[in-house]
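Heads up, model29.tsv below (TSV, C-alpha atoms and all ligand atoms):
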```
chain	number	residue	atom	x	y	z
A	1	MET	CA	90.38	-41.43	76.76
A	2	LYS	CA	94.07	-40.71	77.25
A	3	LEU	CA	94.90	-37.36	78.86
A	4	LEU	CA	97.42	-36.20	76.24
A	5	GLU	CA	96.00	-37.85	73.11
A	6	GLY	CA	97.51	-36.27	69.98
A	7	LYS	CA	99.42	-33.53	71.83
A	8	VAL	CA	103.07	-32.80	71.05
A	9	ALA	CA	105.47	-32.45	73.99
A	10	ILE	CA	109.11	-31.42	74.18
A	11	VAL	CA	110.95	-32.77	77.23
A	12	THR	CA	114.54	-31.61	77.75
A	13	GLY	CA	117.04	-33.98	79.36
A	14	ALA	CA	115.07	-37.21	79.02
A	15	SER	CA	117.91	-39.69	78.52
A	16	ARG	CA	117.94	-40.46	82.25
A	17	GLY	CA	116.11	-40.13	85.55
A	18	ILE	CA	113.10	-37.87	85.91
A	19	GLY	CA	113.07	-36.85	82.22
A	20	THR	CA	112.81	-40.49	81.12
A	21	GLY	CA	109.92	-40.95	83.57
A	22	ILE	CA	108.11	-37.92	82.13
A	23	ALA	CA	108.61	-39.03	78.52
A	24	LYS	CA	107.21	-42.51	79.32
A	25	VAL	CA	104.14	-41.27	81.20
A	26	PHE	CA	103.40	-38.70	78.47
A	27	ALA	CA	103.69	-41.35	75.74
A	28	GLU	CA	101.50	-43.76	77.71
A	29	GLN	CA	98.91	-40.97	77.81
A	30	GLY	CA	98.98	-40.60	74.03
A	31	ALA	CA	101.43	-37.71	73.56
A	32	ASN	CA	103.95	-37.56	70.73
A	33	VAL	CA	107.25	-36.86	72.44
A	34	ALA	CA	110.31	-34.97	71.20
A	35	PHE	CA	113.06	-35.17	73.80
A	36	THR	CA	116.63	-34.06	74.19
A	37	TYR	CA	119.85	-35.34	75.68
A	38	SER	CA	123.31	-33.92	76.10
A	39	SER	CA	125.68	-36.89	75.67
A	40	SER	CA	123.85	-40.15	76.57
A	41	GLU	CA	123.12	-41.21	72.99
A	42	ALA	CA	122.57	-44.96	73.56
A	43	PRO	CA	119.96	-44.57	76.35
A	44	ALA	CA	118.27	-41.79	74.34
A	45	LEU	CA	117.94	-44.00	71.25
A	46	ALA	CA	116.70	-46.91	73.40
A	47	LEU	CA	114.02	-44.64	74.90
A	48	GLU	CA	113.04	-43.41	71.42
A	49	LYS	CA	112.45	-47.04	70.40
A	50	GLU	CA	110.53	-47.85	73.58
A	51	LEU	CA	108.20	-44.86	73.14
A	52	ASN	CA	107.59	-45.54	69.46
A	53	ALA	CA	106.56	-49.09	70.42
A	54	LEU	CA	103.72	-47.54	72.44
A	55	GLY	CA	102.19	-46.34	69.16
A	56	VAL	CA	103.10	-42.65	69.47
A	57	LYS	CA	105.69	-40.67	67.51
A	58	ALA	CA	108.88	-40.10	69.50
A	59	LYS	CA	112.27	-38.73	68.58
A	60	ALA	CA	115.53	-38.04	70.41
A	61	TYR	CA	117.51	-34.87	69.65
A	62	LYS	CA	121.05	-34.11	70.79
A	63	SER	CA	120.75	-30.49	71.87
A	64	ASN	CA	122.51	-28.40	74.50
A	65	ALA	CA	119.75	-26.59	76.39
A	66	ALA	CA	122.23	-23.91	77.51
A	67	SER	CA	122.77	-22.80	73.90
A	68	PHE	CA	120.33	-20.20	72.54
A	69	GLU	CA	121.08	-21.20	68.92
A	70	GLU	CA	120.68	-24.94	69.59
A	71	ALA	CA	117.35	-24.34	71.36
A	72	GLU	CA	116.10	-22.35	68.34
A	73	LYS	CA	117.22	-25.07	65.95
A	74	LEU	CA	115.65	-27.78	68.09
A	75	VAL	CA	112.25	-26.07	67.99
A	76	THR	CA	112.50	-25.55	64.22
A	77	ASP	CA	113.33	-29.26	63.79
A	78	VAL	CA	110.53	-30.38	66.12
A	79	LEU	CA	108.00	-28.22	64.26
A	80	GLN	CA	109.12	-29.77	60.99
A	81	ASP	CA	109.01	-33.33	62.38
A	82	PHE	CA	105.87	-33.08	64.57
A	83	GLY	CA	103.87	-30.15	63.12
A	84	GLY	CA	103.23	-28.31	66.41
A	85	ILE	CA	104.18	-27.98	70.09
A	86	ASP	CA	101.59	-28.09	72.89
A	87	ILE	CA	103.73	-28.82	75.94
A	88	LEU	CA	107.27	-27.87	76.96
A	89	VAL	CA	108.94	-29.45	79.98
A	90	ASN	CA	112.19	-27.74	80.94
A	91	ASN	CA	113.72	-30.63	82.84
A	92	ALA	CA	117.43	-30.68	81.85
A	93	GLY	CA	119.63	-29.80	84.79
A	94	ILE	CA	122.95	-30.42	86.51
A	95	THR	CA	124.57	-29.95	89.91
A	96	LYS	CA	128.10	-28.81	90.69
A	97	ASP	CA	127.98	-28.68	94.47
A	98	ASN	CA	130.55	-27.00	96.67
A	99	LEU	CA	130.77	-24.63	99.58
A	100	LEU	CA	130.74	-21.05	98.36
A	101	MET	CA	134.32	-20.64	99.56
A	102	ARG	CA	135.46	-23.41	97.18
A	103	MET	CA	133.05	-22.81	94.29
A	104	SER	CA	134.74	-21.75	91.07
A	105	GLU	CA	133.29	-19.09	88.79
A	106	ASN	CA	132.99	-21.73	86.11
A	107	ASP	CA	130.91	-24.02	88.36
A	108	PHE	CA	128.58	-21.13	89.15
A	109	ASP	CA	128.21	-20.07	85.52
A	110	SER	CA	127.67	-23.53	84.05
A	111	VAL	CA	124.90	-24.40	86.55
A	112	ILE	CA	123.12	-21.09	85.86
A	113	GLU	CA	123.45	-21.56	82.10
A	114	ILE	CA	122.29	-25.18	81.95
A	115	ASN	CA	119.53	-24.92	84.60
A	116	LEU	CA	118.23	-21.36	84.20
A	117	LYS	CA	119.29	-19.81	80.91
A	118	SER	CA	118.06	-23.00	79.21
A	119	VAL	CA	114.55	-22.14	80.42
A	120	PHE	CA	114.80	-18.70	78.79
A	121	ASN	CA	116.17	-20.26	75.58
A	122	MET	CA	113.48	-22.91	75.26
A	123	THR	CA	110.53	-20.78	76.38
A	124	LYS	CA	111.47	-18.04	73.93
A	125	ALA	CA	111.87	-20.62	71.17
A	126	VAL	CA	108.37	-22.13	71.64
A	127	GLN	CA	106.60	-18.86	72.42
A	128	ARG	CA	105.68	-17.92	68.85
A	129	THR	CA	104.14	-21.32	68.13
A	130	MET	CA	102.10	-21.31	71.36
A	131	LEU	CA	100.96	-17.71	70.76
A	132	LYS	CA	99.71	-18.67	67.30
A	133	GLN	CA	97.87	-21.67	68.73
A	134	ARG	CA	96.53	-19.58	71.62
A	135	LYS	CA	97.28	-22.53	73.85
A	136	GLY	CA	100.25	-24.11	75.55
A	137	SER	CA	101.56	-25.51	78.80
A	138	ILE	CA	105.11	-24.88	80.01
A	139	ILE	CA	106.43	-26.83	82.99
A	140	ASN	CA	109.69	-25.93	84.69
A	141	MET	CA	111.54	-28.44	86.86
A	142	SER	CA	112.67	-26.47	89.88
A	143	SER	CA	113.55	-28.08	93.23
A	144	VAL	CA	112.80	-27.87	96.96
A	145	VAL	CA	116.31	-26.42	97.07
A	146	GLY	CA	115.07	-23.46	95.00
A	147	VAL	CA	112.26	-22.90	97.49
A	148	LYS	CA	114.25	-23.36	100.70
A	149	GLY	CA	117.98	-23.03	99.87
A	150	ASN	CA	120.68	-25.58	100.74
A	151	ALA	CA	124.18	-25.28	102.13
A	152	GLY	CA	126.72	-26.34	99.50
A	153	GLN	CA	124.38	-25.59	96.60
A	154	THR	CA	124.38	-21.80	96.18
A	155	ASN	CA	124.67	-22.10	92.40
A	156	TYR	CA	121.97	-24.78	92.11
A	157	ALA	CA	119.59	-23.05	94.57
A	158	ALA	CA	119.99	-19.73	92.73
A	159	SER	CA	119.23	-21.41	89.40
A	160	LYS	CA	116.17	-23.22	90.76
A	161	ALA	CA	114.83	-20.13	92.60
A	162	GLY	CA	115.39	-18.15	89.38
A	163	MET	CA	113.23	-20.67	87.53
A	164	ILE	CA	110.37	-19.92	89.94
A	165	GLY	CA	110.56	-16.16	89.28
A	166	PHE	CA	110.71	-16.86	85.55
A	167	THR	CA	107.70	-19.21	85.78
A	168	LYS	CA	105.51	-16.68	87.59
A	169	SER	CA	106.50	-13.88	85.20
A	170	VAL	CA	105.73	-15.96	82.10
A	171	ALA	CA	102.36	-16.92	83.65
A	172	LEU	CA	101.54	-13.21	84.04
A	173	GLU	CA	102.85	-12.25	80.60
A	174	LEU	CA	101.22	-15.01	78.55
A	175	GLY	CA	98.09	-15.84	80.55
A	176	SER	CA	95.88	-13.67	78.31
A	177	ARG	CA	96.95	-15.88	75.38
A	178	ASN	CA	95.95	-19.07	77.20
A	179	ILE	CA	99.58	-20.11	77.69
A	180	ARG	CA	100.08	-21.56	81.17
A	181	CYS	CA	103.39	-21.83	83.00
A	182	ASN	CA	103.92	-23.77	86.23
A	183	ALA	CA	106.87	-25.17	88.17
A	184	ILE	CA	107.41	-28.40	90.05
A	185	ALA	CA	109.68	-28.56	93.07
A	186	PRO	CA	110.75	-32.19	93.53
A	187	GLY	CA	112.20	-33.26	96.86
A	188	PHE	CA	114.52	-36.26	97.12
A	189	ILE	CA	113.93	-38.35	94.00
A	190	GLU	CA	115.71	-41.67	93.71
A	191	THR	CA	117.41	-41.92	90.29
A	192	GLU	CA	120.65	-43.50	89.04
A	193	MET	CA	122.33	-40.42	90.46
A	194	THR	CA	121.27	-41.23	94.03
A	195	GLU	CA	122.08	-44.97	93.66
A	196	LYS	CA	125.74	-44.01	94.01
A	197	LEU	CA	125.16	-42.53	97.47
A	198	ASP	CA	125.88	-44.36	100.71
A	199	GLU	CA	122.79	-46.46	101.69
A	200	LYS	CA	122.91	-45.32	105.35
A	201	THR	CA	122.84	-41.65	104.36
A	202	VAL	CA	119.98	-42.26	101.93
A	203	GLN	CA	117.99	-44.18	104.59
A	204	GLY	CA	118.47	-41.21	106.93
A	205	TRP	CA	116.94	-38.92	104.28
A	206	ARG	CA	114.03	-41.31	103.74
A	207	ASP	CA	113.33	-41.42	107.49
A	208	GLY	CA	113.15	-37.63	107.61
A	209	ILE	CA	110.41	-37.45	104.94
A	210	PRO	CA	106.79	-37.54	106.24
A	211	LEU	CA	105.83	-40.18	103.62
A	212	LYS	CA	108.95	-42.18	104.66
A	213	ARG	CA	110.36	-42.78	101.19
A	214	GLY	CA	112.23	-41.08	98.41
A	215	GLY	CA	110.19	-40.13	95.36
A	216	SER	CA	110.33	-41.93	92.01
A	217	PRO	CA	110.57	-40.39	88.53
A	218	GLU	CA	106.93	-41.51	88.07
A	219	ASP	CA	105.85	-39.41	91.07
A	220	ILE	CA	107.24	-36.33	89.33
A	221	ALA	CA	105.94	-37.43	85.91
A	222	ASN	CA	102.39	-37.71	87.28
A	223	ALA	CA	102.54	-34.11	88.55
A	224	CYS	CA	103.81	-33.07	85.10
A	225	LEU	CA	100.91	-34.96	83.52
A	226	PHE	CA	98.46	-32.83	85.52
A	227	PHE	CA	100.10	-29.57	84.43
A	228	ALA	CA	100.45	-30.76	80.81
A	229	SER	CA	96.85	-31.91	80.44
A	230	ASP	CA	93.59	-29.98	80.23
A	231	MET	CA	92.90	-31.15	83.82
A	232	SER	CA	94.90	-28.06	84.92
A	233	ASP	CA	93.32	-25.67	82.39
A	234	TYR	CA	92.70	-23.05	85.11
A	235	VAL	CA	96.08	-23.41	86.89
A	236	THR	CA	99.02	-21.15	86.10
A	237	GLY	CA	101.92	-19.47	87.91
A	238	GLN	CA	102.07	-22.17	90.58
A	239	VAL	CA	104.89	-24.10	92.22
A	240	LEU	CA	103.90	-27.62	93.22
A	241	ASN	CA	106.11	-29.29	95.82
A	242	VAL	CA	106.31	-33.01	95.06
A	243	ASP	CA	108.42	-34.03	98.01
A	244	GLY	CA	106.57	-36.50	100.26
A	245	GLY	CA	105.85	-33.62	102.63
A	246	MET	CA	109.52	-32.66	103.07
A	247	LEU	CA	108.85	-28.91	103.20
A	248	THR	CA	105.75	-29.20	105.39
B	301	LIG	P1	119.86	-36.72	85.84
B	301	LIG	O1	119.52	-38.14	86.10
B	301	LIG	O2	121.24	-36.24	86.13
B	301	LIG	O3	119.47	-36.38	84.31
B	301	LIG	C1	119.70	-35.11	83.76
B	301	LIG	C2	119.25	-35.07	82.33
B	301	LIG	O4	119.54	-33.77	81.81
B	301	LIG	C3	119.95	-36.06	81.44
B	301	LIG	O5	119.06	-36.55	80.47
B	301	LIG	C4	121.04	-35.20	80.78
B	301	LIG	O6	121.46	-35.68	79.51
B	301	LIG	C5	120.30	-33.90	80.62
B	301	LIG	N1	121.20	-32.76	80.46
B	301	LIG	C6	122.23	-32.37	81.25
B	301	LIG	N2	122.80	-31.27	80.75
B	301	LIG	C7	122.13	-30.95	79.61
B	301	LIG	C8	122.24	-29.93	78.63
B	301	LIG	N3	123.19	-28.98	78.72
B	301	LIG	N4	121.40	-29.93	77.59
B	301	LIG	C9	120.43	-30.87	77.47
B	301	LIG	N5	120.28	-31.86	78.36
B	301	LIG	C10	121.11	-31.90	79.41
B	301	LIG	O7	118.89	-35.73	86.69
B	301	LIG	P2	117.47	-36.00	87.37
B	301	LIG	O8	117.72	-36.42	88.76
B	301	LIG	O9	116.62	-36.83	86.49
B	301	LIG	O10	116.91	-34.49	87.42
B	301	LIG	C11	116.11	-33.92	86.38
B	301	LIG	C12	115.70	-32.51	86.80
B	301	LIG	O11	115.04	-32.54	88.06
B	301	LIG	C13	116.89	-31.56	86.97
B	301	LIG	O12	116.55	-30.28	86.53
B	301	LIG	C14	117.11	-31.57	88.47
B	301	LIG	O13	117.73	-30.38	88.91
B	301	LIG	C15	115.68	-31.68	88.98
B	301	LIG	N6	115.59	-32.22	90.33
B	301	LIG	C16	116.04	-33.47	90.64
B	301	LIG	C17	115.94	-33.96	91.94
B	301	LIG	C18	116.40	-35.35	92.35
B	301	LIG	O14	116.35	-35.66	93.55
B	301	LIG	N7	116.83	-36.21	91.45
B	301	LIG	C19	115.36	-33.14	92.91
B	301	LIG	C20	114.91	-31.87	92.57
B	301	LIG	C21	115.02	-31.43	91.27
B	301	LIG	P3	122.72	-36.70	79.37
B	301	LIG	O15	122.23	-38.02	79.93
B	301	LIG	O16	123.00	-36.76	77.92
B	301	LIG	O17	123.82	-36.11	80.20
```

Would you encode the structure as structure tokens?
Ligand code: NAP
Amino acid sequence: MKLLEGKVAIVTGASRGIGTGIAKVFAEQGANVAFTYSSSEAPALALEKELNALGVKAKAYKSNAASFEEAEKLVTDVLQDFGGIDILVNNAGITKDNLLMRMSENDFDSVIEINLKSVFNMTKAVQRTMLKQRKGSIINMSSVVGVKGNAGQTNYAASKAGMIGFTKSVALELGSRNIRCNAIAPGFIETEMTEKLDEKTVQGWRDGIPLKRGGSPEDIANACLFFASDMSDYVTGQVLNVDGGMLT
């Protein structure tokens, strides 16, 4: 029996990296997957094809998670196309790193809007459906940086820490309706983004991790699978560090 058989999941920002990993693992476990992208249309359509070939229904939507109206429209479209929503993964995110002294107002605002306001937009948009169903699982992709802070990432750390406060509050507010909300705090995950970094620097990071390697999108996807499935039916309001022991 597959863990997500027949469930409908929305995954934001699945055209690359961790989001792609989540969409694949969910589809392999029998979920029908609606996923979004911002501009990477070709990879999004390729993923849509790949997931459909697994025998589930999958569809890519171009939707800016930072826009309240676009999030509302996305959920209306997904309900029309899929007939329900059981799981929401708020994964879309960006970085615009700089020392505070050099950080522009625009770089602060855009990171907060895309990483944090998006979570408000999407959670509000799916809330009514999940309330009616009296069931739902919401998973927010935070970061070890949101738990611990990081020099040069004040905007990103604030957005990721904000997601944790939001997660715990939603868990308290909607728990009585059987809607669960948890966060994942990935450590150093090797995606296309990190391939551009200098190999010596990356090796230094790997050496500093107790499990001696960077994480993969699948490592994060498997943690999402736990929170999405009925295996975590009695777990809400939690932050799970998936970081090879980095914060230990
Ligand atoms: P990534 O490779 O840069 O992918 C980001 C995804 O988000 C892409 O699919 C992108 O779409 C989408 N996106 C960006 N802005 C969007 C918007 N306004 N609306 C909708 N979608 C948007 O990032 P990643 O490394 O997979 O990270 C995924 C999540 O994990 C992020 O929230 C990130 O903060 C978090 N995280 C990552 C790491 C890590 O080490 N990689 C560690 C901790 C936490 P397009 O392709 O169309 O631009």

Review point. Which neighbours of stretch 205-221 of chain A fall inside 12 Å, counting all atoms listed in the file, when residues of the same chain fewer than 3 positions from it are skipped, and could you give them as a count of residues only?
Key: 57

Point to revise | Test item: residues at most 7 Å from A:Ala44, only C-alpha atoms, excluding those fewer than 6 positions along its chain, as a PyMOL selection string | key: chain A and resi 15+37+60

Exercise for review: Find the residue from A:Ile114, A:Val119, A:Ile179, A:Met231 that sits nearest to ligand LIG 301 (chain B); use all atoms listed in the file when measuring.
Suggested key: A:Ile114

Review point. Taking (102.4, -24.9, 74.4) in the file's coordinates as the center, which residues reach within 7 Å of it, counting all atoms listed in the file, put as a list in words?
Key: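 Protein, DNA and RNA residues close to (102.4, -24.9, 74.4): Ile85, Asp86, Ile87, Leu88, Met130, Lys135, Gly136, Ser137, Ile138 and Ile179 of chain A.
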
Practice item. Write out as a list in words the residues lying within 10 Å of A:Gln153, counting only C-alpha atoms and excluding same-chain residues fewer than 5 positions away. Key: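 Everything that qualifies: Thr95, Lys96, Asp97, Asn98, Leu99, Leu100, Met103, Phe108, Val145, Gly146, Ala158 and Ser159 of chain A.
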
Exercise for review: Work out how far apart atom CA of A:Asn222 and atom CA of A:Leu4 are and give it in Å to one decimal.
Suggested key: 12.2 Å

Exercise for review: Rounded to one decimal place, report the atom CA of A:Val147-atom O12 of ligand LIG 301 (chain B) distance in Å.
Suggested key: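 Calculated distance between atom CA of A:Val147 and atom O12 of ligand LIG 301 (chain B) is 13.9 Å.
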
Add whatever atoms are absent from stretch 229-241 of chain A to reach N, CA, C and O atoms, and provide the output as a PDB file, in the coordinates of the input.
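Generated file (result34.pdb):
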```
ATOM      1  N   SER A 229      98.167 -31.571  80.984  1.00  0.00           N
ATOM      2  CA  SER A 229      96.850 -31.910  80.440  1.00  0.00           C
ATOM      3  C   SER A 229      95.832 -30.793  80.680  1.00  0.00           C
ATOM      4  O   SER A 229      96.085 -29.854  81.430  1.00  0.00           O
ATOM      5  N   ASP A 230      94.661 -30.951  80.064  1.00  0.00           N
ATOM      6  CA  ASP A 230      93.590 -29.980  80.230  1.00  0.00           C
ATOM      7  C   ASP A 230      92.974 -30.056  81.636  1.00  0.00           C
ATOM      8  O   ASP A 230      92.152 -29.215  81.996  1.00  0.00           O
ATOM      9  N   MET A 231      93.369 -31.050  82.429  1.00  0.00           N
ATOM     10  CA  MET A 231      92.900 -31.150  83.820  1.00  0.00           C
ATOM     11  C   MET A 231      93.315 -29.908  84.623  1.00  0.00           C
ATOM     12  O   MET A 231      92.704 -29.582  85.631  1.00  0.00           O
ATOM     13  N   SER A 232      94.401 -29.245  84.185  1.00  0.00           N
ATOM     14  CA  SER A 232      94.900 -28.060  84.920  1.00  0.00           C
ATOM     15  C   SER A 232      94.650 -26.774  84.124  1.00  0.00           C
ATOM     16  O   SER A 232      95.391 -25.808  84.278  1.00  0.00           O
ATOM     17  N   ASP A 233      93.602 -26.796  83.291  1.00  0.00           N
ATOM     18  CA  ASP A 233      93.320 -25.670  82.390  1.00  0.00           C
ATOM     19  C   ASP A 233      93.200 -24.307  83.095  1.00  0.00           C
ATOM     20  O   ASP A 233      93.387 -23.268  82.461  1.00  0.00           O
ATOM     21  N   TYR A 234      92.878 -24.321  84.392  1.00  0.00           N
ATOM     22  CA  TYR A 234      92.700 -23.050  85.110  1.00  0.00           C
ATOM     23  C   TYR A 234      93.808 -22.840  86.146  1.00  0.00           C
ATOM     24  O   TYR A 234      93.635 -22.111  87.119  1.00  0.00           O
ATOM     25  N   VAL A 235      94.967 -23.493  85.938  1.00  0.00           N
ATOM     26  CA  VAL A 235      96.080 -23.410  86.890  1.00  0.00           C
ATOM     27  C   VAL A 235      97.298 -22.852  86.189  1.00  0.00           C
ATOM     28  O   VAL A 235      97.790 -23.428  85.213  1.00  0.00           O
ATOM     29  N   THR A 236      97.787 -21.707  86.665  1.00  0.00           N
ATOM     30  CA  THR A 236      99.020 -21.150  86.100  1.00  0.00           C
ATOM     31  C   THR A 236      99.775 -20.353  87.172  1.00  0.00           C
ATOM     32  O   THR A 236      99.180 -19.892  88.151  1.00  0.00           O
ATOM     33  N   GLY A 237     101.086 -20.258  86.991  1.00  0.00           N
ATOM     34  CA  GLY A 237     101.920 -19.470  87.910  1.00  0.00           C
ATOM     35  C   GLY A 237     102.187 -20.156  89.244  1.00  0.00           C
ATOM     36  O   GLY A 237     102.618 -19.506  90.195  1.00  0.00           O
ATOM     37  N   GLN A 238     101.948 -21.472  89.298  1.00  0.00           N
ATOM     38  CA  GLN A 238     102.070 -22.170  90.580  1.00  0.00           C
ATOM     39  C   GLN A 238     103.360 -22.982  90.696  1.00  0.00           C
ATOM     40  O   GLN A 238     103.952 -23.390  89.694  1.00  0.00           O
ATOM     41  N   VAL A 239     103.766 -23.202  91.937  1.00  0.00           N
ATOM     42  CA  VAL A 239     104.890 -24.100  92.220  1.00  0.00           C
ATOM     43  C   VAL A 239     104.320 -25.250  93.040  1.00  0.00           C
ATOM     44  O   VAL A 239     103.768 -25.024  94.122  1.00  0.00           O
ATOM     45  N   LEU A 240     104.420 -26.449  92.506  1.00  0.00           N
ATOM     46  CA  LEU A 240     103.900 -27.620  93.220  1.00  0.00           C
ATOM     47  C   LEU A 240     105.060 -28.395  93.832  1.00  0.00           C
ATOM     48  O   LEU A 240     105.932 -28.898  93.115  1.00  0.00           O
ATOM     49  N   ASN A 241     105.080 -28.479  95.165  1.00  0.00           N
ATOM     50  CA  ASN A 241     106.110 -29.290  95.820  1.00  0.00           C
ATOM     51  C   ASN A 241     105.706 -30.752  95.718  1.00  0.00           C
ATOM     52  O   ASN A 241     104.623 -31.118  96.162  1.00  0.00           O
TER      53      ASN A 241
END
```
